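> Shown below is the structure under consideration.
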Amino acid sequence: LSNLSKQIFDEMFILYPDPWPKARHEKRRIINKENLNLFLSKLKINGKIFIATDVKNYFDSINELFESNVKVKILNFNNFYLRPEKIIITRYEKKALSKKIKPLYLEIKKILD
């Protein structure tokens with residue numbers, strides 16, 4: 001991504017990223033403060049990022065990152081359990097649902113550069 005032009009994407013999808021559940025491995029998570037800034041630099045104004053995960057603590061950390069960023073607005077803040085229409089059902093979602101785990105979703109819009 002770092003080699004691509006700025007503001008090239010209208011939409012980005014990050015579906016069921018590896019949660020790296022152990023505390024000592026959290027630095028390996030794809031959605032972190034550094035990568036968030038990289039993603040946002042490649043996203044056009046009014047562009048959207050769609051995220052899905054079935055790991056609650058990973059979702060909470062992702063949500064905190066976006067809540068604290070003034071460049072974005074969380075569009076689905078009233079219901080994180082409702083899958084945005086643009087997100088397809090993946091095999092990971094099917095697996096979570098078969099285990100009675102409710103996936104969580106974020107739909108974020110870039111409002112500032």
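In the structure tokens, chains take the letters A, B, ... in the order shown, each chain's residues start at 1, and ligands count up from 1 in the order shown.
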Report as number ranges by chain all protein, DNA and RNA residues lying within 8 Å of segment 80-85 of chain A, evaluated on only C-alpha atoms, omitting residues in the same chain fewer than 5 positions from it.
A: 102-107
> Output as a list of chain:residue names all residues of segment 9-83 of chain A that backbone DSSP marks as helix (DSSP H, G or I).
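Taking segment 9-83 of chain A and keeping helix (DSSP H, G or I) only, one gets A:Ala23, A:Arg24, A:His25, A:Glu26, A:Lys27, A:Arg28, A:Lys33, A:Glu34, A:Asn35, A:Leu36, A:Asn37, A:Leu38, A:Phe39, A:Leu40, A:Ser41, A:Lys42, A:Lys56, A:Asn57, A:Tyr58, A:Phe59, A:Asp60, A:Ser61, A:Ile62, A:Asn63, A:Glu64, A:Leu65, A:Phe66, A:Glu67.
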> Let's have the selection written as a compact mmCIF listing (two decimals), in the first residue's frame, with C-alpha atoms.

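The resulting file, part-v6.txt, is shown below:
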# COMPACT_ATOMS: atom_id res chain seq x y z
CA ALA A 23 -1.26 -9.90 24.20
CA ARG A 24 2.37 -10.20 23.14
CA HIS A 25 1.27 -10.62 19.50
CA GLU A 26 -1.20 -7.71 19.34
CA LYS A 27 1.44 -5.61 17.55
CA ARG A 28 1.03 -7.94 14.55
CA LYS A 33 -2.65 3.00 14.57
CA GLU A 34 0.13 2.95 11.96
CA ASN A 35 -1.81 0.97 9.40
CA LEU A 36 -4.96 2.97 10.06
CA ASN A 37 -3.13 6.11 8.96
CA LEU A 38 -1.81 4.28 5.90
CA PHE A 39 -5.30 3.03 4.98
CA LEU A 40 -6.77 6.50 5.40
CA SER A 41 -4.06 8.07 3.22
CA LYS A 42 -5.08 5.77 0.36
CA LYS A 56 -14.97 -9.02 20.49
CA ASN A 57 -11.75 -7.67 22.03
CA TYR A 58 -10.25 -7.10 18.57
CA PHE A 59 -13.42 -5.30 17.52
CA ASP A 60 -13.24 -3.12 20.64
CA SER A 61 -9.64 -2.11 19.91
CA ILE A 62 -10.50 -1.37 16.25
CA ASN A 63 -13.52 0.67 17.29
CA GLU A 64 -11.40 2.69 19.75
CA LEU A 65 -8.89 3.49 17.01
CA PHE A 66 -11.60 4.83 14.73
CA GLU A 67 -13.48 6.66 17.51
> I want to know what sits within 10 Å of segment 5-10 of chain A, based on only C-alpha atoms, with residues of the same chain fewer than 3 positions away left out; could you give that as a ChimeraX atom specification?
/A:1-2,38-49,109-110,113
> As an exercise, work out the distance from atom CA of Asp18 of chain A to atom CA of Ile30 of chain A in Å and give it to one decimal place.
7.7 Å
> So how far away is atom CA of Trp20 of chain A from atom CA of Lys100 of chain A, in Å?
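According to the coordinates, atom CA of Lys100 of chain A and atom CA of Trp20 of chain A are separated by 20.9 Å.
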> Within segment 5-47 of chain A, find each residue whose DSSP state, derived from the backbone, is strand (DSSP E or B), and express the selection as a list of chain:residue names.
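Of segment 5-47 of chain A, the ones in strand (DSSP E or B) are A:Phe9, A:Asp10, A:Glu11, A:Met12, A:Phe13, A:Ile14, A:Leu15, A:Leu43, A:Lys44, A:Ile45, A:Asn46, A:Gly47.
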> Take the residues that were just selected and, keeping C-alpha atoms, output them as an mmCIF file, in the first residue's frame.

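Heads up, here's the output in result.cif:
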data_model
loop_
_atom_site.group_PDB
_atom_site.id
_atom_site.type_symbol
_atom_site.label_atom_id
_atom_site.label_comp_id
_atom_site.auth_asym_id
_atom_site.auth_seq_id
_atom_site.Cartn_x
_atom_site.Cartn_y
_atom_site.Cartn_z
ATOM 1 C CA PHE A 9 -9.609 3.855 -3.177
ATOM 2 C CA ASP A 10 -13.329 4.521 -2.878
ATOM 3 C CA GLU A 11 -13.798 1.515 -0.588
ATOM 4 C CA MET A 12 -11.660 -0.871 1.423
ATOM 5 C CA PHE A 13 -12.777 -4.181 2.926
ATOM 6 C CA ILE A 14 -10.996 -5.881 5.818
ATOM 7 C CA LEU A 15 -12.959 -9.027 6.548
ATOM 8 C CA LEU A 43 -8.821 6.341 0.807
ATOM 9 C CA LYS A 44 -10.598 9.159 -1.009
ATOM 10 C CA ILE A 45 -12.629 11.738 0.936
ATOM 11 C CA ASN A 46 -16.082 10.193 1.554
ATOM 12 C CA GLY A 47 -14.543 6.786 0.904
#
> Could you tell me how far atom CA of Glu93 of chain A lies from atom CA of Asn32 of chain A, in Å and to one decimal?
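Here the two named atoms are 21.9 Å from each other.
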> Which of these residues is nearest to Ile101 of chain A, using only C-alpha atoms: A:Leu4, A:Ile31, A:Val55, A:Ile88?
A:Val55
